[in-house]
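Shown next, in structure tokens, is the structure this report addresses.
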Amino acid sequence: MEDEKLAGSLETFIVTTKKSETCVLNEDHVSECEDTEEEEFRSSYESEPITEGKETSVQEAEEGKEETNCDGRAGLEYIQRRDFGLIPFGHLTSDVRDALVSIGAENFRNSKGPFVTGSKGRKMTEAWFYRKLADGKGEVVKRTWLLYSPSKEAAYCFCCVLFSHTPQNAISKFESPEGFNCGGKWKDSTSIAVHESTTWHRKAFLAWKEAEEHLREEKGIDKEFVRQVNAEREKGKQILLQIISCIRFLASGNLAFQGSIDYIGTVDTADRKREGNFMALIRFIADFDPVLKEHLNKHTDGAKGMATYLSPVTQNEFIALLANTIREKLVADVKESKYYGVMCDSTPDISHQDQHSLVVRYVVLKEGQFVVKETFLGYMKLGGKNAEAIEEGIRNGLESFGLDFNNCRAVCFDNASVMVGKHRGVQRRLCEKNSKIVFINCNNHSLNLAGADAVKTDVGSMTFFNVLNEVFNFFSRSTERWDALKKVTAITLKSSTDTRWSSRADATHALETELNGVLESLENISSADNFTAESRADSEALLKGILSFEFLAFLSFWTPVLRKVDIVQKRLQCPEMTFKDAHEDLEALATWLQENRDNSAQEAVTKSIELCNKWDVEIEIKRVRRKKCMPGELARDEPLTPHLDMKRKLLLAVDRLVVEVQSRSARLQEIDGRFGVLLRPQELFCKTEQEIDAVCKDMAQKYDEDISPSELCQEVQDLKFLLKKRTPETAPELLAFIDKYGEGFANLRVALRLLLTVGISVASCERSFR
């Protein structure tokens, strides 16, 4: 009864902070935008003249102003009133310019108004401070450069006023002392869009961002110190996080929480084992946490009247709260990123019910760096196993998590026909519902299928892997046989499966390395009296299977080949891999196989002959089946020697592997040829302006609702100019590089995020089944 009374009390101790929703831009106004940073700024400026955290103080700005010797302006009126129209336009020295850059344009933005109404009843609106990409159909971007002066009742361009590159005959109203107000007759935001599209504005904007970076470097902002200060503030929450981590550990491992003792208090050492895993972890943490230890010491056996929040009822409530909070946080991150990709896979569980895992791939900004995340959201409930039911289940699953299917930009499935069918498969159905989706089949599965098809080219190759697996099964099924093997080997044998080629690489490597020990162990078992007759017979059969020219040749051939395949296989499972990285790895694998096909086959045959001579293995010459000759035909088939016949089989296997790898990576090759250059900044220097324009137009045509083609081309050209001094190596690094320029590279930033949502493997889905 006491525990039931406490149910729900945890909610009073846990506060979930929800992130504000994304601004929605309508035709005439911007809907209510719960921008946390802007609200904090607006609530704090009434008591402080400068936003907290800015590098320049009022005193520094006053010194800069005194040097300008501006007559008629008492004190720092333009800072105190946050009015950009009051700055000394005729005396903008470098000191004043640096002070304004340090204070930041946000302090003079005044995007909430109130705005003056013109003679025709029109006025500036909050919507003018934002713009939508792709001609009003794409993502909302803030115009950080646009300011409003209440005293002048006019709009200004922050960067153009401070870093003007405009010729005298083309000076805009946005950088003049009078500002832009059309004589009090506000019309619409067309003039703002025209201004920000000019070359002079872009030059001033980039100069502004470069100045900000320069000032940050000069002042030596210690980000590590800031993180340390924040860590100290969060120190009080670490206790709760430790307890939560213990609960998550027990829940994820399906471990029992409670023992036969379900109360807090003094427990004898002999009864500690009956407390259960949860209380054992809590007491372990209390040994190092004085706050938690004091909490436990307050309670004695049977104590009443004080809540412990450690009862079974509260534990279940805690688990539910944790699950909901974690899911909300993950979904909030996906919504903040906006664009995402979907990966799905299924497997039967212990009750023979299909588990359909749903994983989303997106790009998130974390500690100043962009990171590609693949997040498991949960299992989907499907009404069937056909394409229609799976497609409906995926869409319903995304809707249940609050994700907009229209923001999905990529899907990745395994190679099952119901998923990848080009006519009525799941991917086809999803692409018909959302034309912006890019489909990539799982390249781990594709590489695995390529290897499986290569093995099937010859009966001898299939026999080799069967014998390889039987060797492991022979030793692993008996502890006595396994102990006999361990006495003569340093590396244990590995099992191999058809669905995991990494296991085959480990199995061949282990057998080749410990071949002498395995043969010695098999010989000892076959001649030992302490083993059963069945074990002795099986060991003799395995000896005969291993000590053959064909088996030794395949072992020498597949070991190095599978090692290369395994390297690529493991890289494809990394969430940070892009489709360009995957295509380059698969292409490198195919190139290596082609260049080394003759040498690999010849070395395998030569090594097999040496091993046969070492162990006195006879190389059998198989009978050649001759075709029936036509009347009058005198030519007869010349039989191949065992050496040449073995080399032919090996070459056939490697050629089939190359063909399968190339054909199954066709989708990667296609998308890499279209957009891959945007993911590698180094390649931009090798492309002409016409080639870059073609890629940008193709990209904008595919994502016409997200990107403007002309603006994307201009941004890429500007990027080529900036990257002459410093070139990021990866797409996330490039995102971090252009992020400091704000909306200056808004279209390119969207394009990179779209391309990074393309998944190449469903490995993250398979990890959720463990």
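We name chains A, B, ... following the order of the structure tokens; residues begin at 1 in each chain, and ligands are numbered from 1 as shown.
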Any chance you could tabulate, as JSON lines, the residues of segment 330-400 of chain A at most 10 Å from segment 420-434 of chain A with each one's nearest atom pair and distance in Å to one decimal, using only C-alpha atoms, in chain and rising number order?
{"residue": "A:Asn386", "atom": "CA", "partner": "A:Val426", "partner_atom": "CA", "distance": 8.7}
{"residue": "A:Ala387", "atom": "CA", "partner": "A:Val426", "partner_atom": "CA", "distance": 5.0}
{"residue": "A:Glu388", "atom": "CA", "partner": "A:Val426", "partner_atom": "CA", "distance": 7.0}
{"residue": "A:Ala389", "atom": "CA", "partner": "A:Val426", "partner_atom": "CA", "distance": 9.0}
{"residue": "A:Ile390", "atom": "CA", "partner": "A:Val426", "partner_atom": "CA", "distance": 6.8}
{"residue": "A:Glu391", "atom": "CA", "partner": "A:Val426", "partner_atom": "CA", "distance": 5.5}
{"residue": "A:Glu392", "atom": "CA", "partner": "A:Leu430", "partner_atom": "CA", "distance": 9.2}
{"residue": "A:Ile394", "atom": "CA", "partner": "A:Leu430", "partner_atom": "CA", "distance": 9.2}
{"residue": "A:Arg395", "atom": "CA", "partner": "A:Leu430", "partner_atom": "CA", "distance": 8.7}
Take the residues just selected and output them with N, CA and C atoms as a PDB file, in the first residue's frame.
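Wrote part-v5.pdb, looks like this:
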ATOM      1  N   ASN A 386       3.678  -8.833 -46.852  1.00  0.00           N
ATOM      2  CA  ASN A 386       3.747  -8.355 -48.232  1.00  0.00           C
ATOM      3  C   ASN A 386       4.209  -6.908 -48.271  1.00  0.00           C
ATOM      4  N   ALA A 387       4.517  -6.425 -49.473  1.00  0.00           N
ATOM      5  CA  ALA A 387       5.079  -5.080 -49.632  1.00  0.00           C
ATOM      6  C   ALA A 387       4.116  -4.004 -49.161  1.00  0.00           C
ATOM      7  N   GLU A 388       2.847  -4.178 -49.413  1.00  0.00           N
ATOM      8  CA  GLU A 388       1.871  -3.166 -49.017  1.00  0.00           C
ATOM      9  C   GLU A 388       1.797  -3.024 -47.499  1.00  0.00           C
ATOM     10  N   ALA A 389       1.804  -4.167 -46.791  1.00  0.00           N
ATOM     11  CA  ALA A 389       1.722  -4.120 -45.328  1.00  0.00           C
ATOM     12  C   ALA A 389       2.989  -3.515 -44.727  1.00  0.00           C
ATOM     13  N   ILE A 390       4.152  -3.865 -45.275  1.00  0.00           N
ATOM     14  CA  ILE A 390       5.413  -3.325 -44.746  1.00  0.00           C
ATOM     15  C   ILE A 390       5.497  -1.828 -44.988  1.00  0.00           C
ATOM     16  N   GLU A 391       5.110  -1.399 -46.192  1.00  0.00           N
ATOM     17  CA  GLU A 391       5.146   0.032 -46.510  1.00  0.00           C
ATOM     18  C   GLU A 391       4.222   0.823 -45.596  1.00  0.00           C
ATOM     19  N   GLU A 392       3.033   0.288 -45.357  1.00  0.00           N
ATOM     20  CA  GLU A 392       2.098   0.958 -44.450  1.00  0.00           C
ATOM     21  C   GLU A 392       2.625   0.956 -43.022  1.00  0.00           C
ATOM     22  N   ILE A 394       5.782   1.022 -42.066  1.00  0.00           N
ATOM     23  CA  ILE A 394       6.861   2.013 -41.951  1.00  0.00           C
ATOM     24  C   ILE A 394       6.291   3.411 -41.806  1.00  0.00           C
ATOM     25  N   ARG A 395       5.310   3.741 -42.631  1.00  0.00           N
ATOM     26  CA  ARG A 395       4.719   5.077 -42.562  1.00  0.00           C
ATOM     27  C   ARG A 395       3.976   5.299 -41.245  1.00  0.00           C
TER      28      ARG A 395
END
Output as an MDAnalysis selection string all residues of segment 442-659 of chain A that backbone DSSP marks as alpha helix (DSSP H). chainID A and resid 443:455 459:476 479:486 501:513 515:527 533:546 549:571 579:595 597:614 642:659
For the selection you just gave me, I'd like the residues written to a file as a compact mmCIF listing (two decimals), in the first residue's frame, keeping C-alpha atoms.
# COMPACT_ATOMS: atom_id res chain seq x y z
CA ASN A 443 25.82 -3.09 -49.30
CA ASN A 444 26.81 -5.48 -46.52
CA HIS A 445 24.19 -7.90 -47.79
CA SER A 446 25.22 -7.22 -51.38
CA LEU A 447 28.87 -8.00 -50.64
CA ASN A 448 27.84 -11.13 -48.76
CA LEU A 449 25.73 -12.31 -51.70
CA ALA A 450 28.59 -11.56 -54.09
CA GLY A 451 30.87 -13.83 -52.09
CA ALA A 452 28.22 -16.56 -51.87
CA ASP A 453 27.76 -16.51 -55.66
CA ALA A 454 31.53 -16.67 -56.17
CA VAL A 455 31.72 -19.82 -54.02
CA VAL A 459 31.79 -27.75 -56.41
CA GLY A 460 35.27 -27.91 -54.92
CA SER A 461 34.92 -24.42 -53.44
CA MET A 462 31.62 -25.33 -51.78
CA THR A 463 33.16 -28.56 -50.46
CA PHE A 464 36.04 -26.57 -49.00
CA PHE A 465 33.74 -24.39 -46.84
CA ASN A 466 31.73 -27.42 -45.76
CA VAL A 467 34.89 -29.16 -44.54
CA LEU A 468 36.03 -25.93 -42.88
CA ASN A 469 32.81 -25.76 -40.89
CA GLU A 470 32.91 -29.47 -40.02
CA VAL A 471 36.38 -29.07 -38.51
CA PHE A 472 35.07 -26.45 -36.07
CA ASN A 473 31.96 -28.49 -35.26
CA PHE A 474 34.03 -31.61 -34.61
CA PHE A 475 36.11 -29.93 -31.89
CA SER A 476 33.42 -27.65 -30.43
CA THR A 479 34.98 -30.64 -24.36
CA GLU A 480 37.58 -33.44 -24.49
CA ARG A 481 38.29 -32.83 -28.17
CA TRP A 482 38.39 -29.06 -27.59
CA ASP A 483 40.92 -29.50 -24.75
CA ALA A 484 43.03 -31.71 -27.01
CA LEU A 485 43.03 -28.97 -29.64
CA LYS A 486 43.94 -26.20 -27.18
CA TRP A 501 31.44 -13.39 -44.48
CA SER A 502 33.45 -11.88 -41.68
CA SER A 503 33.06 -15.23 -39.92
CA ARG A 504 34.50 -17.01 -42.97
CA ALA A 505 37.50 -14.70 -42.95
CA ASP A 506 38.17 -15.51 -39.30
CA ALA A 507 37.66 -19.23 -39.89
CA THR A 508 40.10 -19.50 -42.82
CA HIS A 509 42.70 -17.35 -41.06
CA ALA A 510 42.54 -19.45 -37.88
CA LEU A 511 42.80 -22.77 -39.76
CA GLU A 512 45.68 -21.62 -41.98
CA THR A 513 47.58 -20.24 -38.98
CA LEU A 515 47.02 -25.97 -39.62
CA ASN A 516 49.90 -27.99 -38.17
CA GLY A 517 48.28 -28.08 -34.72
CA VAL A 518 44.88 -29.10 -36.12
CA LEU A 519 46.40 -31.95 -38.12
CA GLU A 520 48.39 -33.10 -35.10
CA SER A 521 45.29 -33.03 -32.91
CA LEU A 522 43.24 -35.00 -35.45
CA GLU A 523 45.99 -37.62 -35.71
CA ASN A 524 46.18 -37.96 -31.93
CA ILE A 525 42.40 -38.40 -31.63
CA SER A 526 42.25 -40.97 -34.45
CA SER A 527 44.85 -43.14 -32.72
CA ALA A 533 35.01 -45.03 -32.18
CA GLU A 534 32.79 -42.35 -33.69
CA SER A 535 35.30 -39.62 -32.78
CA ARG A 536 38.17 -41.61 -34.26
CA ALA A 537 36.23 -42.23 -37.48
CA ASP A 538 35.26 -38.55 -37.83
CA SER A 539 38.84 -37.42 -37.22
CA GLU A 540 40.13 -39.74 -39.97
CA ALA A 541 37.49 -38.42 -42.38
CA LEU A 542 38.50 -34.82 -41.61
CA LEU A 543 42.17 -35.68 -42.06
CA LYS A 544 41.38 -37.05 -45.50
CA GLY A 545 39.34 -33.97 -46.37
CA ILE A 546 42.04 -31.51 -45.26
CA PHE A 549 45.52 -30.77 -53.02
CA GLU A 550 42.18 -29.08 -53.73
CA PHE A 551 41.41 -28.17 -50.08
CA LEU A 552 44.90 -26.77 -49.45
CA ALA A 553 44.74 -24.70 -52.64
CA PHE A 554 41.36 -23.18 -51.73
CA LEU A 555 42.60 -22.49 -48.18
CA SER A 556 45.66 -20.63 -49.51
CA PHE A 557 43.50 -18.72 -51.99
CA TRP A 558 40.49 -17.70 -49.89
CA THR A 559 42.44 -16.60 -46.79
CA PRO A 560 43.97 -13.40 -48.31
CA VAL A 561 40.90 -12.69 -50.46
CA LEU A 562 38.51 -12.95 -47.52
CA ARG A 563 40.79 -10.74 -45.43
CA LYS A 564 40.36 -7.93 -47.99
CA VAL A 565 36.62 -8.52 -48.20
CA ASP A 566 36.37 -8.46 -44.40
CA ILE A 567 38.06 -5.04 -44.20
CA VAL A 568 35.49 -3.55 -46.55
CA GLN A 569 32.65 -5.45 -44.86
CA LYS A 570 33.44 -3.95 -41.46
CA ARG A 571 33.87 -0.41 -42.83
CA PHE A 579 27.70 6.51 -50.16
CA LYS A 580 30.83 7.98 -51.72
CA ASP A 581 33.09 6.26 -49.18
CA ALA A 582 31.27 2.98 -49.73
CA HIS A 583 31.57 3.21 -53.51
CA GLU A 584 35.26 3.98 -53.31
CA ASP A 585 35.88 1.03 -50.96
CA LEU A 586 33.97 -1.43 -53.14
CA GLU A 587 35.67 -0.09 -56.26
CA ALA A 588 39.07 -0.47 -54.57
CA LEU A 589 38.22 -4.06 -53.64
CA ALA A 590 37.23 -4.92 -57.22
CA THR A 591 40.40 -3.26 -58.55
CA TRP A 592 42.61 -5.21 -56.14
CA LEU A 593 40.97 -8.49 -57.12
CA GLN A 594 41.45 -7.78 -60.82
CA GLU A 595 45.08 -6.70 -60.49
CA ARG A 597 43.93 -12.41 -59.81
CA ASP A 598 46.76 -14.21 -61.60
CA ASN A 599 49.27 -13.83 -58.79
CA SER A 600 46.76 -14.91 -56.11
CA ALA A 601 45.78 -18.04 -58.04
CA GLN A 602 49.37 -18.97 -58.88
CA GLU A 603 50.61 -18.41 -55.31
CA ALA A 604 47.77 -20.54 -53.93
CA VAL A 605 48.60 -23.41 -56.30
CA THR A 606 52.34 -23.16 -55.55
CA LYS A 607 51.78 -23.11 -51.79
CA SER A 608 49.40 -26.07 -52.05
CA ILE A 609 52.01 -28.10 -53.93
CA GLU A 610 54.60 -27.34 -51.24
CA LEU A 611 52.23 -28.47 -48.48
CA CYS A 612 51.38 -31.65 -50.39
CA ASN A 613 55.07 -32.46 -50.74
CA LYS A 614 55.61 -31.71 -47.04
CA PRO A 642 45.84 -30.78 -61.82
CA HIS A 643 47.83 -27.57 -61.40
CA LEU A 644 46.24 -25.81 -64.38
CA ASP A 645 42.78 -27.15 -63.56
CA MET A 646 43.06 -25.82 -60.01
CA LYS A 647 44.22 -22.43 -61.26
CA ARG A 648 41.26 -22.33 -63.64
CA LYS A 649 38.85 -22.87 -60.74
CA LEU A 650 40.45 -20.13 -58.67
CA LEU A 651 40.40 -17.64 -61.55
CA LEU A 652 36.76 -18.48 -62.20
CA ALA A 653 35.90 -17.75 -58.55
CA VAL A 654 37.73 -14.41 -58.42
CA ASP A 655 36.25 -13.25 -61.75
CA ARG A 656 32.76 -14.07 -60.54
CA LEU A 657 33.42 -12.17 -57.31
CA VAL A 658 34.55 -9.07 -59.25
CA VAL A 659 31.50 -9.13 -61.51
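Picture a line from atom CA of Ala134 of chain A to atom CA of Glu213 of chain A; it runs 28.8 Å.
Reported to one decimal place, the separation of atom CA of Ile437 of chain A from atom CA of Cys574 of chain A is 21.7 Å.
Counting only C-alpha atoms, Cys696 of chain A has the following residues at most 12 Å away, ignoring those fewer than 4 positions along the same chain: Arg674, Phe675, Gly676, Val677, Leu678, Glu689, Gln690, Glu691, Ile692, Ala700, Gln701, Lys702, Tyr703, Asp704, Ile707, Ser708, Pro709, Ser710, Glu711, Leu712, Cys713, Gln714, Glu715, Val716, Gln717, Asn747, Leu748, Ala751 and Leu752 of chain A.
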Output file for the residues above (N, CA, C and O atoms, as a compact mmCIF listing (two decimals), in the first residue's frame):
# COMPACT_ATOMS: atom_id res chain seq x y z
N ARG A 674 26.48 11.29 -59.55
CA ARG A 674 25.63 12.49 -59.64
C ARG A 674 26.00 13.54 -58.59
O ARG A 674 26.16 14.72 -58.91
N PHE A 675 26.16 13.12 -57.34
CA PHE A 675 26.30 14.09 -56.26
C PHE A 675 27.56 13.89 -55.41
O PHE A 675 27.79 14.66 -54.48
N GLY A 676 28.36 12.87 -55.70
CA GLY A 676 29.48 12.55 -54.81
C GLY A 676 30.50 13.64 -54.65
O GLY A 676 31.15 13.75 -53.61
N VAL A 677 30.65 14.49 -55.66
CA VAL A 677 31.68 15.54 -55.58
C VAL A 677 31.38 16.51 -54.44
O VAL A 677 32.32 17.11 -53.87
N LEU A 678 30.12 16.67 -54.06
CA LEU A 678 29.79 17.60 -52.98
C LEU A 678 30.23 17.08 -51.62
O LEU A 678 30.34 17.86 -50.67
N GLU A 689 33.93 24.99 -63.78
CA GLU A 689 32.72 25.69 -63.37
C GLU A 689 31.49 25.08 -64.02
O GLU A 689 30.42 24.99 -63.39
N GLN A 690 31.62 24.62 -65.27
CA GLN A 690 30.49 23.99 -65.95
C GLN A 690 30.11 22.67 -65.28
O GLN A 690 28.92 22.34 -65.14
N GLU A 691 31.11 21.89 -64.87
CA GLU A 691 30.83 20.62 -64.21
C GLU A 691 30.15 20.83 -62.86
O GLU A 691 29.22 20.10 -62.49
N ILE A 692 30.60 21.84 -62.12
CA ILE A 692 29.98 22.13 -60.83
C ILE A 692 28.54 22.60 -61.01
O ILE A 692 27.64 22.20 -60.28
N ALA A 700 19.57 20.25 -57.43
CA ALA A 700 18.40 21.10 -57.21
C ALA A 700 17.17 20.56 -57.92
O ALA A 700 16.05 20.76 -57.47
N GLN A 701 17.37 19.87 -59.04
CA GLN A 701 16.24 19.28 -59.73
C GLN A 701 15.65 18.12 -58.94
O GLN A 701 14.43 17.94 -58.89
N LYS A 702 16.52 17.34 -58.29
CA LYS A 702 16.05 16.24 -57.46
C LYS A 702 15.34 16.76 -56.22
O LYS A 702 14.30 16.23 -55.81
N TYR A 703 15.89 17.80 -55.61
CA TYR A 703 15.32 18.37 -54.38
C TYR A 703 14.85 19.80 -54.65
O TYR A 703 15.33 20.75 -54.04
N ASP A 704 13.91 19.94 -55.59
CA ASP A 704 13.46 21.26 -56.01
C ASP A 704 12.72 22.01 -54.91
O ASP A 704 12.62 23.24 -54.95
N ILE A 707 16.08 23.22 -52.33
CA ILE A 707 17.29 23.93 -52.75
C ILE A 707 16.97 24.80 -53.96
O ILE A 707 16.19 24.41 -54.84
N SER A 708 17.60 25.97 -54.00
CA SER A 708 17.53 26.86 -55.16
C SER A 708 18.75 26.61 -56.03
O SER A 708 19.88 26.71 -55.55
N PRO A 709 18.60 26.26 -57.32
CA PRO A 709 19.76 25.90 -58.15
C PRO A 709 20.76 27.03 -58.34
O PRO A 709 21.97 26.83 -58.24
N SER A 710 20.26 28.24 -58.61
CA SER A 710 21.18 29.36 -58.83
C SER A 710 21.97 29.70 -57.57
O SER A 710 23.18 29.95 -57.61
N GLU A 711 21.29 29.70 -56.41
CA GLU A 711 21.97 30.02 -55.16
C GLU A 711 22.97 28.93 -54.79
O GLU A 711 24.06 29.23 -54.27
N LEU A 712 22.63 27.68 -55.03
CA LEU A 712 23.56 26.59 -54.73
C LEU A 712 24.81 26.69 -55.57
O LEU A 712 25.93 26.50 -55.06
N CYS A 713 24.67 26.99 -56.85
CA CYS A 713 25.84 27.15 -57.72
C CYS A 713 26.74 28.28 -57.23
O CYS A 713 27.97 28.15 -57.19
N GLN A 714 26.12 29.40 -56.84
CA GLN A 714 26.91 30.53 -56.36
C GLN A 714 27.63 30.19 -55.07
O GLN A 714 28.81 30.55 -54.88
N GLU A 715 26.96 29.46 -54.17
CA GLU A 715 27.58 29.11 -52.89
C GLU A 715 28.75 28.15 -53.09
O GLU A 715 29.77 28.25 -52.40
N VAL A 716 28.62 27.20 -54.02
CA VAL A 716 29.73 26.28 -54.29
C VAL A 716 30.91 27.02 -54.89
O VAL A 716 32.07 26.73 -54.56
N GLN A 717 30.64 27.99 -55.75
CA GLN A 717 31.74 28.78 -56.31
C GLN A 717 32.44 29.59 -55.22
O GLN A 717 33.68 29.68 -55.20
N ASN A 747 21.92 26.96 -48.78
CA ASN A 747 21.55 25.90 -49.72
C ASN A 747 22.57 24.76 -49.70
O ASN A 747 22.20 23.59 -49.75
N LEU A 748 23.84 25.09 -49.63
CA LEU A 748 24.87 24.05 -49.57
C LEU A 748 24.77 23.26 -48.28
O LEU A 748 24.98 22.05 -48.26
N ALA A 751 22.02 20.85 -48.79
CA ALA A 751 22.43 19.80 -49.73
C ALA A 751 23.31 18.75 -49.06
O ALA A 751 23.13 17.54 -49.26
N LEU A 752 24.26 19.18 -48.24
CA LEU A 752 25.14 18.23 -47.55
C LEU A 752 24.36 17.39 -46.55
O LEU A 752 24.59 16.17 -46.43
Just the residues within 8 Å of Leu147 of chain A, please, counting only C-alpha atoms, with nothing from its chain fewer than 4 positions along; format it as a tab-separated table (two decimals) with all heavy atoms, in the first residue's frame.
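part_15.tsv was written with the following content:
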chain	number	residue	atom	x	y	z
A	84	PHE	N	20.48	50.44	-34.33
A	84	PHE	CA	21.59	50.52	-35.28
A	84	PHE	C	21.56	51.81	-36.08
A	84	PHE	O	22.59	52.25	-36.59
A	84	PHE	CB	21.51	49.31	-36.23
A	84	PHE	CG	22.77	49.10	-37.03
A	84	PHE	CD1	23.90	48.58	-36.42
A	84	PHE	CD2	22.83	49.40	-38.38
A	84	PHE	CE1	25.07	48.36	-37.14
A	84	PHE	CE2	23.99	49.19	-39.11
A	84	PHE	CZ	25.11	48.67	-38.49
A	105	ALA	N	25.12	41.36	-34.36
A	105	ALA	CA	23.93	41.93	-35.01
A	105	ALA	C	22.66	41.61	-34.25
A	105	ALA	O	21.67	42.35	-34.35
A	105	ALA	CB	23.83	41.42	-36.44
A	108	PHE	N	20.84	44.32	-32.27
A	108	PHE	CA	20.18	45.43	-32.96
A	108	PHE	C	19.09	44.95	-33.90
A	108	PHE	O	18.57	45.72	-34.69
A	108	PHE	CB	21.21	46.23	-33.77
A	108	PHE	CG	22.40	46.69	-32.99
A	108	PHE	CD1	23.58	45.96	-33.00
A	108	PHE	CD2	22.33	47.84	-32.22
A	108	PHE	CE1	24.68	46.37	-32.27
A	108	PHE	CE2	23.43	48.26	-31.48
A	108	PHE	CZ	24.61	47.52	-31.50
A	109	ARG	N	18.72	43.69	-33.79
A	109	ARG	CA	17.81	43.10	-34.78
A	109	ARG	C	16.39	43.67	-34.68
A	109	ARG	O	15.79	44.03	-35.68
A	109	ARG	CB	17.77	41.58	-34.60
A	109	ARG	CG	17.26	40.84	-35.80
A	109	ARG	CD	17.71	39.38	-35.76
A	109	ARG	NE	17.28	38.69	-36.94
A	109	ARG	CZ	16.32	37.78	-36.98
A	109	ARG	NH1	15.69	37.46	-35.87
A	109	ARG	NH2	15.98	37.19	-38.11
A	110	ASN	N	15.82	43.71	-33.47
A	110	ASN	CA	14.48	44.27	-33.25
A	110	ASN	C	13.44	43.62	-34.16
A	110	ASN	O	12.58	44.31	-34.75
A	110	ASN	CB	14.48	45.79	-33.45
A	110	ASN	CG	15.38	46.51	-32.47
A	110	ASN	OD1	15.39	46.19	-31.28
A	110	ASN	ND2	16.17	47.45	-32.96
A	111	SER	N	13.50	42.31	-34.28
A	111	SER	CA	12.62	41.62	-35.23
A	111	SER	C	11.18	41.58	-34.75
A	111	SER	O	10.28	41.28	-35.55
A	111	SER	CB	13.12	40.19	-35.46
A	111	SER	OG	13.13	39.46	-34.24
A	155	ALA	N	15.14	49.89	-42.18
A	155	ALA	CA	15.89	48.64	-42.10
A	155	ALA	C	17.31	48.86	-42.59
A	155	ALA	O	17.57	49.69	-43.47
A	155	ALA	CB	15.21	47.56	-42.94
A	156	TYR	N	18.27	48.09	-42.02
A	156	TYR	CA	19.68	48.21	-42.38
A	156	TYR	C	20.28	46.82	-42.61
A	156	TYR	O	19.79	45.82	-42.07
A	156	TYR	CB	20.46	48.93	-41.28
A	156	TYR	CG	20.12	50.39	-41.12
A	156	TYR	CD1	19.10	50.78	-40.26
A	156	TYR	CD2	20.81	51.36	-41.82
A	156	TYR	CE1	18.77	52.12	-40.11
A	156	TYR	CE2	20.50	52.70	-41.66
A	156	TYR	CZ	19.47	53.07	-40.81
A	156	TYR	OH	19.16	54.40	-40.67
A	157	CYS	N	21.35	46.81	-43.38
A	157	CYS	CA	22.15	45.59	-43.57
A	157	CYS	C	23.40	45.72	-42.72
A	157	CYS	O	24.25	46.56	-42.98
A	157	CYS	CB	22.51	45.40	-45.04
A	157	CYS	SG	23.58	43.96	-45.33
A	158	PHE	N	23.51	44.89	-41.69
A	158	PHE	CA	24.61	44.99	-40.73
A	158	PHE	C	25.96	44.85	-41.41
A	158	PHE	O	26.89	45.64	-41.18
A	158	PHE	CB	24.42	43.91	-39.67
A	158	PHE	CG	25.45	43.95	-38.57
A	158	PHE	CD1	25.31	44.83	-37.51
A	158	PHE	CD2	26.55	43.11	-38.60
A	158	PHE	CE1	26.25	44.87	-36.48
A	158	PHE	CE2	27.49	43.15	-37.59
A	158	PHE	CZ	27.35	44.03	-36.53
Could you give me, as a PyMOL selection string, the residues within 8 Å of Thr578 of chain A, counting only C-alpha atoms and dropping anything in the same chain fewer than 4 positions from it? chain A and resi 582+756+758-760
Would you put the residues from that selection into a file with all heavy atoms, as a short mmCIF file (atom, residue, chain, number, x, y, z; two decimals), in the first residue's frame?
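Once everything was written out, this is result_34.cif:
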data_model
loop_
_atom_site.label_atom_id
_atom_site.label_comp_id
_atom_site.auth_asym_id
_atom_site.auth_seq_id
_atom_site.Cartn_x
_atom_site.Cartn_y
_atom_site.Cartn_z
N ALA A 582 31.59 4.37 -49.45
CA ALA A 582 31.27 2.98 -49.73
C ALA A 582 31.60 2.61 -51.16
O ALA A 582 32.16 1.54 -51.44
CB ALA A 582 29.79 2.72 -49.44
N LEU A 756 23.99 13.27 -46.61
CA LEU A 756 24.47 12.48 -45.48
C LEU A 756 23.38 11.60 -44.87
O LEU A 756 23.69 10.71 -44.07
CB LEU A 756 25.04 13.40 -44.40
CG LEU A 756 26.39 14.06 -44.74
CD1 LEU A 756 26.79 15.05 -43.65
CD2 LEU A 756 27.47 13.02 -44.92
N VAL A 758 21.69 9.52 -46.56
CA VAL A 758 21.63 8.30 -47.37
C VAL A 758 22.41 7.20 -46.66
O VAL A 758 23.64 7.27 -46.54
CB VAL A 758 22.20 8.54 -48.78
CG1 VAL A 758 22.13 7.25 -49.60
CG2 VAL A 758 21.41 9.66 -49.47
N GLY A 759 21.72 6.17 -46.18
CA GLY A 759 22.37 5.05 -45.52
C GLY A 759 22.86 4.02 -46.52
O GLY A 759 22.30 3.88 -47.61
N ILE A 760 23.88 3.27 -46.16
CA ILE A 760 24.46 2.28 -47.07
C ILE A 760 24.38 0.87 -46.50
O ILE A 760 24.75 -0.08 -47.18
CB ILE A 760 25.93 2.62 -47.37
CG1 ILE A 760 26.74 2.62 -46.08
CG2 ILE A 760 26.04 3.95 -48.09
CD1 ILE A 760 28.22 2.65 -46.28
#
Exercise: segment 730-738 of chain A partners within 6 Å, only C-alpha atoms, chain neighbours under 5 positions left out, as number ranges by chain: A: 369-370, 679
Could you name the residues that touch Gly742 of chain A at 12 Å or less, counting only C-alpha atoms, but leaving out those on the same chain fewer than 2 positions away, as a list in words? Val141, Lys142, Arg143, Thr144, Trp145, Arg202, Phe205, Leu206, Trp208, Lys209, Glu210, Glu212, Leu735, Ala736, Phe737, Ile738, Asp739, Lys740, Gly744, Phe745, Ala746, Asn747, Leu748 and Arg749 of chain A
